[in-house]
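Text of the file structure-v5.txt, holding compact mmCIF, C-alpha atoms:
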# COMPACT_ATOMS: atom_id res chain seq x y z
CA MET A 1 0.00 0.00 0.00
CA LYS A 2 1.08 3.55 -0.57
CA LYS A 3 2.45 5.47 2.38
CA ILE A 4 2.31 9.12 1.40
CA TYR A 5 3.38 11.84 3.81
CA PHE A 6 1.97 15.21 2.78
CA MET A 7 3.72 17.33 5.37
CA THR A 8 3.12 20.76 3.87
CA ALA A 9 -0.62 20.91 3.34
CA ALA A 10 -1.49 19.20 6.58
CA ALA A 11 1.13 21.15 8.52
CA SER A 12 -0.30 24.49 7.45
CA VAL A 13 -3.79 23.30 8.38
CA ALA A 14 -2.47 22.05 11.72
CA ALA A 15 -0.70 25.31 12.45
CA ALA A 16 -3.86 27.26 11.84
CA ALA A 17 -5.85 24.83 13.99
CA ALA A 18 -3.36 25.19 16.84
CA GLY A 19 -3.92 28.94 16.96
CA THR A 20 -0.25 29.88 17.39
CA ALA A 21 1.64 32.71 15.66
CA VAL A 22 3.72 31.72 12.67
CA ILE A 23 7.47 32.58 12.82
CA LEU A 24 8.44 35.60 10.73
CA VAL A 25 9.04 34.40 7.16
CA SER A 26 11.03 36.33 4.60
CA ALA A 27 9.11 37.53 1.58
CA ARG A 28 11.94 36.29 -0.60
CA THR A 29 11.47 32.91 -2.29
CA LYS A 30 14.54 31.00 -3.45
CA SER A 31 14.83 28.19 -6.00
CA ASP A 32 17.02 25.19 -5.14
CA THR A 33 16.93 22.67 -7.97
CA ASP A 34 13.21 21.92 -8.52
CA MET A 35 12.06 22.47 -4.90
CA ARG A 36 10.71 25.81 -3.67
CA TYR A 37 11.60 26.89 -0.14
CA GLN A 38 10.81 29.68 2.22
CA GLU A 39 13.28 30.94 4.79
CA ALA A 40 12.56 30.99 8.52
CA VAL A 41 14.70 32.06 11.45
CA VAL A 42 15.49 29.78 14.36
CA GLU A 43 14.30 31.69 17.44
CA TYR A 44 12.88 31.31 20.91
CA LYS A 45 9.10 30.94 21.19
CA THR A 46 6.76 30.21 24.08
CA LEU A 47 5.25 26.74 23.44
CA SER A 48 2.91 24.58 25.47
CA ASP A 49 3.82 20.88 25.84
CA GLY A 50 0.29 19.85 26.79
CA LYS A 51 -2.27 21.23 24.32
CA LEU A 52 -1.90 19.47 21.00
CA GLN A 53 0.81 16.86 21.35
CA ALA A 54 1.99 13.82 19.40
CA ARG A 55 1.56 15.39 16.00
CA GLY A 56 2.50 12.82 13.38
CA VAL A 57 1.44 10.95 10.26
CA ILE A 58 -1.31 8.37 10.84
CA GLU A 59 -2.25 5.75 8.31
CA GLN A 60 -5.87 4.88 9.01
CA LYS A 61 -6.19 1.20 8.08
CA PHE A 62 -9.02 -1.28 7.87
CA ASP A 63 -8.61 -3.48 10.95
CA SER A 64 -10.95 -6.39 10.28
CA ASP A 65 -9.17 -9.40 8.76
CA ILE A 66 -12.13 -10.74 6.79
CA SER A 67 -10.16 -13.55 5.17
CA ALA A 68 -9.03 -14.73 8.63
CA LEU A 69 -12.44 -14.31 10.26
CA VAL A 70 -14.25 -16.27 7.57
CA ASN A 71 -13.87 -20.03 7.31
CA VAL A 72 -13.27 -20.28 3.58
CA GLU A 73 -14.23 -23.98 3.50
CA GLY A 74 -17.77 -23.02 4.52
CA VAL A 75 -18.14 -20.26 1.92
CA GLN A 76 -20.18 -20.94 -1.17
CA ASP A 77 -18.74 -20.19 -4.60
CA SER A 78 -21.13 -17.27 -5.03
CA GLN A 79 -19.81 -15.74 -1.80
CA MET A 80 -16.14 -16.59 -2.28
CA ASP A 81 -15.11 -13.41 -4.10
CA SER A 82 -16.73 -11.07 -1.61
CA ALA A 83 -15.37 -13.02 1.33
CA LEU A 84 -11.82 -12.96 0.05
CA LEU A 85 -11.76 -9.49 -1.47
CA GLY A 86 -13.26 -7.75 1.54
CA LEU A 87 -15.63 -4.78 1.50
CA GLN A 88 -16.39 -2.93 -1.69
CA VAL A 89 -16.37 0.86 -1.40
CA SER A 90 -19.55 2.52 -2.62
CA GLU A 91 -18.93 6.07 -1.35
CA VAL A 92 -16.00 7.92 0.22
CA LEU A 93 -17.23 10.14 3.06
CA VAL A 94 -14.10 12.30 3.78
CA SER A 95 -11.79 14.49 1.74
CA ALA A 96 -8.26 15.91 2.03
CA GLY A 97 -7.94 18.78 4.50
CA GLN A 98 -10.99 17.66 6.50
CA GLN A 99 -10.65 17.38 10.26
CA VAL A 100 -12.12 14.13 11.59
CA LYS A 101 -12.73 12.79 15.05
CA ARG A 102 -12.66 9.26 16.35
CA GLY A 103 -15.85 7.58 15.11
CA THR A 104 -16.21 9.76 11.99
CA PRO A 105 -17.38 7.65 8.99
CA LEU A 106 -14.64 7.32 6.38
CA PHE A 107 -16.41 5.37 3.64
CA ARG A 108 -19.59 3.49 2.98
CA ALA A 109 -19.44 -0.13 1.84
CA THR A 110 -21.86 -1.71 -0.59
CA PRO A 111 -24.72 -3.51 1.20
CA ASP A 112 -24.04 -6.72 -0.73
CA SER A 113 -20.42 -6.97 0.40
CA VAL A 114 -21.37 -6.18 4.02
CA ASP A 115 -24.29 -8.61 4.03
CA THR A 116 -22.27 -11.39 2.42
CA VAL A 117 -19.44 -11.23 4.94
CA ARG A 118 -21.80 -10.72 7.88
CA SER A 119 -23.98 -13.68 6.88
CA ILE A 120 -20.90 -15.90 6.80
CA LEU A 121 -19.67 -14.65 10.17
CA GLN A 122 -23.16 -15.07 11.61
CA LYS A 123 -23.38 -18.63 10.29
CA GLU A 124 -20.03 -19.47 11.88
CA ALA A 125 -21.24 -18.09 15.22
CA VAL A 126 -24.46 -20.14 14.97
CA ASP A 127 -22.52 -23.29 14.04
CA ALA A 128 -20.15 -22.74 16.98
CA ALA A 129 -23.16 -22.33 19.31
CA ARG A 130 -24.64 -25.58 17.99
CA ASN A 131 -21.33 -27.32 18.54
CA CYS A 132 -21.35 -26.14 22.18
CA SER A 133 -24.88 -27.48 22.60
CA ALA A 134 -23.93 -30.85 21.08
CA LEU A 135 -20.91 -31.10 23.38
CA ARG A 136 -23.10 -30.35 26.40
CA ASP A 137 -25.43 -33.20 25.42
CA LEU A 138 -22.44 -35.49 24.94
CA GLN A 139 -21.18 -34.46 28.37
CA LYS A 140 -24.47 -35.48 29.98
CA GLN A 141 -24.37 -38.92 28.34
CA THR A 142 -20.70 -39.45 29.11
CA ARG A 143 -21.07 -38.30 32.69
CA LEU A 144 -23.92 -40.76 33.19
CA LEU A 145 -21.82 -43.61 31.80
CA VAL A 146 -18.80 -42.58 33.88
CA ALA A 147 -21.00 -42.34 36.98
CA GLN A 148 -22.19 -45.89 36.37
CA GLN A 149 -18.61 -47.06 35.98
CA TYR A 150 -17.70 -45.21 39.17
CA ASP A 151 -20.53 -46.84 41.15
CA SER A 152 -19.58 -50.24 39.73
CA ALA A 153 -15.92 -49.74 40.73
CA VAL A 154 -16.91 -48.72 44.26
CA MET A 155 -19.27 -51.70 44.59
CA ASP A 156 -16.66 -54.10 43.23
CA GLY A 157 -14.16 -52.75 45.72
CA ARG A 158 -16.56 -53.31 48.60
CA TYR A 159 -17.22 -56.96 47.70
CA ALA A 160 -13.81 -57.77 46.18
CA ASP A 161 -12.61 -59.84 49.16
CA MET A 162 -15.85 -61.79 49.37
CA LEU A 163 -15.83 -62.53 45.63
CA CYS A 164 -12.19 -63.59 45.79
CA ALA A 165 -12.92 -65.91 48.73
CA GLU A 166 -15.83 -67.49 46.85
CA GLN A 167 -13.74 -68.03 43.74
CA CYS A 168 -10.89 -69.56 45.74
CA ALA A 169 -13.35 -71.82 47.62
CA GLU A 170 -14.79 -73.04 44.31
CA LEU A 171 -11.28 -73.77 43.05
CA GLU A 172 -10.50 -75.69 46.25
CA ARG A 173 -13.68 -77.75 45.79
CA ARG A 174 -12.63 -78.57 42.24
CA ALA A 175 -9.21 -79.69 43.46
CA ASP A 176 -10.82 -81.77 46.23
CA ASP A 177 -13.09 -83.44 43.66
CA ALA A 178 -10.06 -84.35 41.54
CA LYS A 179 -8.29 -85.74 44.60
CA THR A 180 -11.37 -87.75 45.55
CA ALA A 181 -11.47 -89.18 42.01
CA VAL A 182 -7.87 -90.39 42.45
CA GLU A 183 -8.69 -91.97 45.82
CA ASP A 184 -11.80 -93.66 44.38
CA LYS A 185 -9.75 -95.24 41.62
CA GLN A 186 -7.17 -96.43 44.10
CA ASN A 187 -9.90 -97.96 46.25
CA GLN A 188 -11.34 -99.74 43.20
CA ILE A 189 -7.91 -101.08 42.36
CA ASN A 190 -7.46 -102.37 45.91
CA GLU A 191 -10.87 -104.05 45.91
CA ASN A 192 -10.21 -105.60 42.51
CA LEU A 193 -6.80 -106.85 43.62
CA LEU A 194 -8.34 -108.47 46.69
CA GLU A 195 -11.00 -110.16 44.59
CA LEU A 196 -8.34 -111.28 42.10
CA ALA A 197 -6.24 -112.77 44.88
CA GLN A 198 -9.23 -114.70 46.20
CA ALA A 199 -10.09 -115.93 42.69
CA GLN A 200 -6.51 -117.03 42.15
CA GLN A 201 -6.59 -118.98 45.45
CA GLU A 202 -9.87 -120.64 44.47
CA LEU A 203 -8.42 -121.42 41.05
CA ALA A 204 -5.40 -123.07 42.66
CA LYS A 205 -7.69 -125.24 44.82
CA ALA A 206 -9.87 -126.12 41.84
CA GLN A 207 -6.87 -127.06 39.76
CA LYS A 208 -5.60 -129.33 42.62
CA PHE A 209 -9.02 -130.95 42.94
CA LEU A 210 -9.09 -131.42 39.16
CA ARG A 211 -5.76 -133.20 39.21
CA GLU A 212 -6.93 -135.50 42.00
CA ALA A 213 -10.17 -136.26 40.14
CA GLN A 214 -8.25 -137.01 36.95
CA ALA A 215 -5.94 -139.37 38.88
CA ALA A 216 -8.94 -141.22 40.40
CA VAL A 217 -10.51 -141.61 36.96
CA SER A 218 -7.23 -142.97 35.59
CA GLU A 219 -6.88 -145.50 38.42
CA SER A 220 -10.42 -146.82 38.00
CA TYR A 221 -10.36 -146.83 34.24
CA ASP A 222 -9.28 -150.45 33.89
CA ASN A 223 -12.04 -151.65 36.28
CA ARG A 224 -14.68 -149.37 34.88
CA TYR A 225 -16.85 -152.29 33.88
CA ASP A 226 -16.42 -154.21 37.09
CA ASN A 227 -16.78 -151.15 39.31
CA ALA A 228 -18.88 -148.88 37.10
CA TYR A 229 -20.38 -146.95 40.00
CA TYR A 230 -17.10 -145.59 41.29
CA TYR A 231 -15.80 -144.92 37.83
CA THR A 232 -18.90 -142.84 37.09
CA VAL A 233 -18.55 -140.90 40.36
CA TYR A 234 -14.90 -140.18 39.64
CA GLU A 235 -15.71 -139.09 36.09
CA ASN A 236 -18.49 -136.73 37.27
CA THR A 237 -16.17 -135.30 39.88
CA ARG A 238 -13.49 -134.69 37.25
CA GLU A 239 -15.95 -132.92 34.98
CA SER A 240 -17.18 -130.73 37.84
CA ALA A 241 -13.61 -129.85 38.78
CA LEU A 242 -12.85 -129.10 35.15
CA ASN A 243 -15.85 -126.77 34.84
CA MET A 244 -14.99 -125.01 38.10
CA THR A 245 -11.39 -124.57 36.99
CA GLY A 246 -12.52 -123.04 33.70
CA GLN A 247 -14.87 -120.63 35.42
CA LEU A 248 -12.21 -119.52 37.87
CA GLN A 249 -9.69 -119.06 35.08
CA GLU A 250 -12.16 -116.75 33.27
CA LYS A 251 -12.76 -114.85 36.49
CA VAL A 252 -9.03 -114.38 37.11
CA LYS A 253 -8.55 -113.22 33.54
CA SER A 254 -11.43 -110.74 33.83
CA LEU A 255 -10.18 -109.39 37.15
CA THR A 256 -6.68 -109.02 35.73
CA GLU A 257 -7.95 -107.04 32.73
CA LYS A 258 -10.12 -104.94 35.01
CA ASN A 259 -7.13 -104.21 37.21
CA GLU A 260 -5.13 -103.05 34.21
CA GLN A 261 -7.98 -100.71 33.19
CA LEU A 262 -8.26 -99.38 36.74
CA LEU A 263 -4.53 -98.72 36.86
CA TYR A 264 -4.81 -96.73 33.61
CA GLU A 265 -7.77 -94.78 34.93
CA ALA A 266 -5.93 -94.14 38.17
CA ASP A 267 -2.98 -92.71 36.24
CA GLU A 268 -5.35 -90.44 34.32
CA ALA A 269 -7.00 -89.34 37.56
CA VAL A 270 -3.61 -88.52 39.05
CA ARG A 271 -2.62 -86.45 35.99
CA THR A 272 -5.98 -84.67 36.10
CA TYR A 273 -5.51 -83.96 39.79
CA HIS A 274 -2.08 -82.45 39.25
CA GLN A 275 -3.39 -80.31 36.37
CA VAL A 276 -6.29 -79.13 38.53
CA LEU A 277 -3.84 -78.19 41.28
CA LEU A 278 -1.77 -76.16 38.79
CA ASP A 279 -4.84 -74.47 37.29
CA THR A 280 -6.19 -73.79 40.77
CA GLU A 281 -3.05 -71.93 41.80
CA LYS A 282 -3.11 -69.88 38.59
CA GLU A 283 -6.78 -69.00 38.95
CA LYS A 284 -6.32 -68.20 42.63
CA LEU A 285 -3.54 -65.79 41.68
CA ALA A 286 -5.72 -64.23 39.00
CA ALA A 287 -8.61 -63.93 41.45
CA ARG A 288 -6.37 -62.22 44.00
CA MET A 289 -5.07 -59.86 41.30
CA ASP A 290 -8.65 -59.04 40.29
CA CYS A 291 -9.45 -58.47 43.94
CA ASP A 292 -6.50 -56.14 44.38
CA MET A 293 -7.34 -54.34 41.13
CA ALA A 294 -10.95 -53.87 42.21
CA ALA A 295 -9.79 -52.53 45.56
CA CYS A 296 -7.37 -50.17 43.79
CA HIS A 297 -10.07 -48.98 41.40
CA SER A 298 -12.37 -48.43 44.32
CA GLU A 299 -9.77 -46.29 46.06
CA THR A 300 -8.96 -44.26 42.94
CA ALA A 301 -12.47 -44.24 41.46
CA GLN A 302 -12.95 -40.52 42.04
CA GLN A 303 -9.61 -39.60 40.48
CA TRP A 304 -10.31 -41.89 37.53
CA ARG A 305 -13.74 -40.32 37.20
CA GLU A 306 -12.17 -36.87 37.02
CA VAL A 307 -9.63 -38.05 34.45
CA GLN A 308 -12.35 -39.50 32.25
CA THR A 309 -14.36 -36.28 32.33
CA ALA A 310 -11.47 -33.81 32.18
CA TYR A 311 -11.25 -33.92 28.40
CA LEU A 312 -14.96 -33.13 28.22
CA GLU A 313 -14.38 -29.90 30.10
CA ASN A 314 -11.44 -29.08 27.83
CA ASP A 315 -13.41 -29.79 24.67
CA LEU A 316 -16.37 -27.76 25.87
CA GLN A 317 -14.09 -24.90 26.93
CA ASP A 318 -12.45 -24.94 23.50
CA ALA A 319 -15.87 -24.95 21.85
CA GLN A 320 -17.05 -22.08 24.05
CA ASP A 321 -13.87 -20.14 23.32
CA ASP A 322 -14.42 -20.75 19.62
CA TYR A 323 -18.02 -19.55 19.93
CA LEU A 324 -16.95 -16.42 21.81
CA SER A 325 -14.26 -15.82 19.21
CA LYS A 326 -16.77 -16.17 16.37
CA LEU A 327 -19.22 -13.93 18.21
CA GLN A 328 -16.46 -11.39 18.84
CA ASN A 329 -15.54 -11.49 15.16
CA LEU A 330 -19.16 -10.77 14.27
CA ARG A 331 -19.41 -7.94 16.77
CA ALA A 332 -16.05 -6.51 15.70
CA PHE A 333 -17.20 -6.56 12.10
CA ASP A 334 -20.48 -4.88 13.05
CA ALA A 335 -18.58 -2.24 15.02
CA GLU A 336 -16.15 -1.69 12.15
CA THR A 337 -18.98 -1.41 9.61
CA ALA A 338 -21.70 0.28 11.65
CA ARG A 339 -24.67 0.97 9.33
CA GLY A 340 -22.48 -0.05 6.43
CA ARG A 341 -19.94 2.66 7.17
CA VAL A 342 -16.32 2.16 8.26
CA VAL A 343 -15.40 4.74 10.90
CA SER A 344 -12.12 6.33 11.98
CA ASP A 345 -10.39 5.09 15.13
CA SER A 346 -8.28 8.27 15.46
CA SER A 347 -8.66 12.04 15.33
CA GLY A 348 -6.74 14.30 12.98
CA THR A 349 -6.63 16.15 9.69
CA VAL A 350 -6.99 14.19 6.45
CA ALA A 351 -3.91 14.55 4.24
CA GLU A 352 -4.88 12.07 1.52
CA VAL A 353 -7.77 9.77 0.73
CA VAL A 354 -6.28 6.53 -0.62
CA ILE A 355 -9.45 4.63 -1.49
CA ALA A 356 -11.98 5.36 -4.21
CA PRO A 357 -15.48 4.07 -5.02
CA GLY A 358 -15.32 0.55 -6.44
CA ASP A 359 -12.21 -0.43 -4.48
CA CYS A 360 -12.27 -3.53 -2.28
CA VAL A 361 -10.74 -3.09 1.16
CA GLN A 362 -9.04 -5.87 3.12
CA GLN A 363 -7.16 -5.99 6.40
CA ASN A 364 -4.28 -3.50 6.67
CA ASP A 365 -5.37 -1.65 3.53
CA THR A 366 -4.82 2.08 4.05
CA ILE A 367 -8.03 4.09 3.88
CA VAL A 368 -6.75 7.61 4.52
CA ILE A 369 -3.52 9.27 5.59
CA MET A 370 -3.86 12.04 8.14
CA TYR A 371 -2.04 14.08 10.73
CA GLY A 372 -3.17 13.15 14.20
CA ARG A 373 -4.15 15.28 17.15
CA GLU A 374 -4.12 13.47 20.43
CA ARG A 375 -5.19 15.76 23.27
CA THR A 376 -3.44 15.51 26.60
CA ASP A 377 -3.78 17.26 29.93
CA ALA A 378 -2.76 20.94 29.99
CA GLY A 379 0.98 21.20 30.29
CA GLU A 380 3.68 23.72 31.11
CA GLU A 381 4.29 26.73 28.87
CA LYS A 382 7.95 27.65 28.38
CA ALA A 383 10.24 29.53 25.98
CA VAL A 384 12.28 27.15 23.83
CA LEU A 385 14.40 27.37 20.71
CA CYS A 386 12.18 26.15 17.89
CA VAL A 387 11.54 26.00 14.15
CA PRO A 388 8.42 25.42 12.09
CA GLU A 389 7.64 21.73 12.24
CA LYS A 390 7.63 21.40 8.46
CA ALA A 391 11.28 22.53 8.48
CA VAL A 392 12.24 19.23 10.17
CA PHE A 393 12.54 16.10 8.06
CA ARG A 394 13.44 12.65 9.29
CA GLU A 395 15.26 9.56 8.11
CA GLY A 396 14.62 6.66 10.42
CA ASP A 397 15.23 7.81 13.99
CA ARG A 398 17.31 10.84 13.00
CA ALA A 399 16.05 14.41 12.37
CA TYR A 400 17.55 17.02 10.03
CA VAL A 401 17.04 20.66 8.99
CA ARG A 402 18.25 22.48 5.87
CA LEU A 403 20.30 25.61 6.64
CA ARG A 404 21.29 28.38 4.28
CA THR A 405 24.86 29.45 4.95
CA GLU A 406 26.20 33.01 4.68
CA ASP A 407 27.59 32.26 1.21
CA GLY A 408 24.13 31.15 0.05
CA ASN A 409 24.70 27.37 0.01
CA VAL A 410 22.13 24.94 1.44
CA VAL A 411 23.41 22.31 3.87
CA GLU A 412 21.72 19.60 5.91
CA ARG A 413 22.40 19.41 9.62
CA ALA A 414 21.39 16.72 12.11
CA VAL A 415 19.41 18.06 15.06
CA ARG A 416 17.92 16.65 18.26
CA THR A 417 14.29 17.64 18.69
CA GLY A 418 12.10 18.01 21.77
CA PHE A 419 8.34 18.32 22.09
CA THR A 420 5.96 19.91 19.61
CA ASP A 421 2.71 21.86 19.86
CA GLY A 422 1.60 20.75 16.43
CA ALA A 423 2.99 23.73 14.53
CA HIS A 424 6.50 24.19 15.96
CA THR A 425 9.16 21.76 17.08
CA GLU A 426 11.69 22.37 19.84
CA ILE A 427 15.36 22.22 18.77
CA VAL A 428 17.41 20.84 21.64
CA GLU A 429 20.71 20.53 19.81
CA GLY A 430 22.13 21.15 16.31
CA ALA A 431 20.94 24.70 15.52
CA SER A 432 21.32 28.11 17.14
CA ALA A 433 19.13 31.17 17.45
CA GLY A 434 19.38 33.29 14.29
CA ASP A 435 20.18 30.35 11.96
CA VAL A 436 18.17 30.45 8.74
CA VAL A 437 16.30 27.23 7.94
CA LEU A 438 14.49 26.31 4.76
CA VAL A 439 10.85 25.37 4.89
CA ALA A 440 9.23 23.54 1.98
CA ALA A 441 6.73 25.87 0.38
CA GLN A 442 3.06 24.94 -0.17
Kindly transcribe the structure held in the file into structure tokens.
Amino acid sequence: MKKIYFMTAAASVAAAAAGTAVILVSARTKSDTDMRYQEAVVEYKTLSDGKLQARGVIEQKFDSDISALVNVEGVQDSQMDSALLGLQVSEVLVSAGQQVKRGTPLFRATPDSVDTVRSILQKEAVDAARNCSALRDLQKQTRLLVAQQYDSAVMDGRYADMLCAEQCAELERRADDAKTAVEDKQNQINENLLELAQAQQELAKAQKFLREAQAAVSESYDNRYDNAYYYTVYENTRESALNMTGQLQEKVKSLTEKNEQLLYEADEAVRTYHQVLLDTEKEKLAARMDCDMAACHSETAQQWREVQTAYLENDLQDAQDDYLSKLQNLRAFDAETARGRVVSDSSGTVAEVVIAPGDCVQQNDTIVIMYGRERTDAGEEKAVLCVPEKAVFREGDRAYVRLRTEDGNVVERAVRTGFTDGAHTEIVEGASAGDVVLVAAQ
């Protein structure tokens, strides 16, 4: 943007406005290159340091950053140009040389450009408000769920020991059942072994009786016809002994096979028992860990509850801050464009109007350039060495005046300045009373 400093026109207007006498100026006008100067004498004047202070160039800029305020992603294509270009000037309300006060309208914006930007800002504020409302509803639901979890943790902590004792008792019962199964199998084996031993003894007796009966039959075989009765008795006895021996042999065989099966089942029962003992210890440890965890959760339930809900507060606070920011943007825009007019935020005399009808104004665009007047409390009046303010020019932080020497040459000299009353500037160092300075002519 242009930064134009019209010192002469505004300075003469400021001097008249300040109501102070102008230093005696020679009627002679000299030509130095293409610039016209008037001569003025450095002399003592009585100035006031508290009437119209801080005279300087002010660039009145447009403060609202429309492109930053507006969420471009939410802008429709038909609104995009207006949102990005800013406000379109329909009428300029000030002119050069005009004195303005804070709040004076500087230009009027077209209703379409104002309405477009305002509608977007208003929509963003409404969307932010809806987001706050949605987060509040989410907070209610989440808080209810967290409260239920909190109550559950407290209840679990209260009954953790009892639940752990019940679980461990059930595990002990399961281990006892496995142990009982091992003992039952061992008892069955013992009973079967006893029965097998008895059957083996009976088999031995039957086999002995069978041998005796076979011997008797053999002895009476030759006389079987003469002594048929005894032969028949011996033969029947042998057959009975043979049948008994066969039955006992089958019984011994069956009991032996049963004993083998019982031994296998006993081994399985023992392995099962050992596995149950191992699983029982593991599950007891897990139950105790769960018990300790429940007790810990019960003790820290409130802290955990706060942790779970802390992010809700943060999210809602961020949403509320965003809403307030959007609302502030809307209000700032309304304040900046009251009744479609952009107003001045400073007081002073207009040196140049930079904008023109049809221009589009964005943040930091210069609207007008003016010389400011910032009133202060009444100050001390004193006689100081001074020159007309428009005789002082500056480069950075350094101040200079142009002096005409006795031989007619123009030289620049660095000076140190003091306060100003708006028309004259105090010379603290660098020039003396009676020196002739050059003042740029209007």
Closest to Leu316 of chain A among A:Val92, A:Ile120, A:Val415, A:Leu135, using all atoms listed in the file?
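Closest to Leu316 of chain A of all the choices is A:Leu135.
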Mind pulling up the distance from atom CA of Ser325 of chain A to atom CA of Asp112 of chain A?
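These two atoms are separated by 24.0 Å.
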One decimal, in Å: what's the spacing between atom CA of Gln148 of chain A and atom CA of Asn314 of chain A?
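So the answer is 21.7 Å.
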Nearest to Gly408 of chain A, chosen from A:Thr46, A:Val146, A:Ala213, A:Glu39, with only C-alpha atoms counted in the distances:
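Ranking A:Thr46, A:Val146, A:Ala213, A:Glu39 by distance to Gly408 of chain A, first place goes to A:Glu39.
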For atom CA of Lys45 of chain A and atom CA of Ala423 of chain A, quote the distance in Å rounded to one decimal.
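Interatomic distance here is 11.6 Å.
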When you look at segment 396-399 of chain A with a cut-off of 6 Å (counting only C-alpha atoms), what residues show up, excluding the ones that are within fewer than 2 positions of it in the same chain? I need them as a ChimeraX atom specification.
/A:393-394,414-415
In terms of the shortest atom-to-atom distance over all atoms listed in the file, which of A:Ser432, A:Asn259, A:Gln122, A:Thr420 is closest to Val401 of chain A?
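Distance minimum relative to Val401 of chain A lands on A:Ser432.
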Since the input is missing atoms for segment 311-324 of chain A, could you rebuild it with N, CA and C atoms and give the result as a PDB file, keeping the file's coordinate frame?
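Everything below was put into result_1.pdb:
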ATOM      1  N   TYR A 311     -11.328 -34.306  29.806  1.00  0.00           N
ATOM      2  CA  TYR A 311     -11.250 -33.920  28.400  1.00  0.00           C
ATOM      3  C   TYR A 311     -12.571 -33.308  27.926  1.00  0.00           C
ATOM      4  N   LEU A 312     -13.682 -33.715  28.582  1.00  0.00           N
ATOM      5  CA  LEU A 312     -14.960 -33.130  28.220  1.00  0.00           C
ATOM      6  C   LEU A 312     -14.971 -31.644  28.534  1.00  0.00           C
ATOM      7  N   GLU A 313     -14.450 -31.310  29.713  1.00  0.00           N
ATOM      8  CA  GLU A 313     -14.380 -29.900  30.100  1.00  0.00           C
ATOM      9  C   GLU A 313     -13.485 -29.136  29.129  1.00  0.00           C
ATOM     10  N   ASN A 314     -12.358 -29.754  28.755  1.00  0.00           N
ATOM     11  CA  ASN A 314     -11.440 -29.080  27.830  1.00  0.00           C
ATOM     12  C   ASN A 314     -12.087 -28.862  26.472  1.00  0.00           C
ATOM     13  N   ASP A 315     -12.760 -29.918  25.972  1.00  0.00           N
ATOM     14  CA  ASP A 315     -13.410 -29.790  24.670  1.00  0.00           C
ATOM     15  C   ASP A 315     -14.503 -28.739  24.700  1.00  0.00           C
ATOM     16  N   LEU A 316     -15.307 -28.738  25.773  1.00  0.00           N
ATOM     17  CA  LEU A 316     -16.370 -27.760  25.870  1.00  0.00           C
ATOM     18  C   LEU A 316     -15.800 -26.348  25.999  1.00  0.00           C
ATOM     19  N   GLN A 317     -14.714 -26.221  26.785  1.00  0.00           N
ATOM     20  CA  GLN A 317     -14.090 -24.900  26.930  1.00  0.00           C
ATOM     21  C   GLN A 317     -13.569 -24.410  25.593  1.00  0.00           C
ATOM     22  N   ASP A 318     -12.932 -25.330  24.831  1.00  0.00           N
ATOM     23  CA  ASP A 318     -12.450 -24.940  23.500  1.00  0.00           C
ATOM     24  C   ASP A 318     -13.603 -24.523  22.603  1.00  0.00           C
ATOM     25  N   ALA A 319     -14.706 -25.280  22.679  1.00  0.00           N
ATOM     26  CA  ALA A 319     -15.870 -24.950  21.850  1.00  0.00           C
ATOM     27  C   ALA A 319     -16.461 -23.607  22.270  1.00  0.00           C
ATOM     28  N   GLN A 320     -16.533 -23.364  23.578  1.00  0.00           N
ATOM     29  CA  GLN A 320     -17.050 -22.080  24.050  1.00  0.00           C
ATOM     30  C   GLN A 320     -16.136 -20.934  23.649  1.00  0.00           C
ATOM     31  N   ASP A 321     -14.812 -21.172  23.758  1.00  0.00           N
ATOM     32  CA  ASP A 321     -13.870 -20.140  23.320  1.00  0.00           C
ATOM     33  C   ASP A 321     -14.030 -19.857  21.824  1.00  0.00           C
ATOM     34  N   ASP A 322     -14.232 -20.923  21.062  1.00  0.00           N
ATOM     35  CA  ASP A 322     -14.420 -20.750  19.620  1.00  0.00           C
ATOM     36  C   ASP A 322     -15.699 -19.966  19.344  1.00  0.00           C
ATOM     37  N   TYR A 323     -16.759 -20.283  20.105  1.00  0.00           N
ATOM     38  CA  TYR A 323     -18.020 -19.550  19.930  1.00  0.00           C
ATOM     39  C   TYR A 323     -17.842 -18.064  20.276  1.00  0.00           C
ATOM     40  N   LEU A 324     -17.182 -17.813  21.418  1.00  0.00           N
ATOM     41  CA  LEU A 324     -16.950 -16.420  21.810  1.00  0.00           C
ATOM     42  C   LEU A 324     -16.094 -15.700  20.780  1.00  0.00           C
TER      43      LEU A 324
END
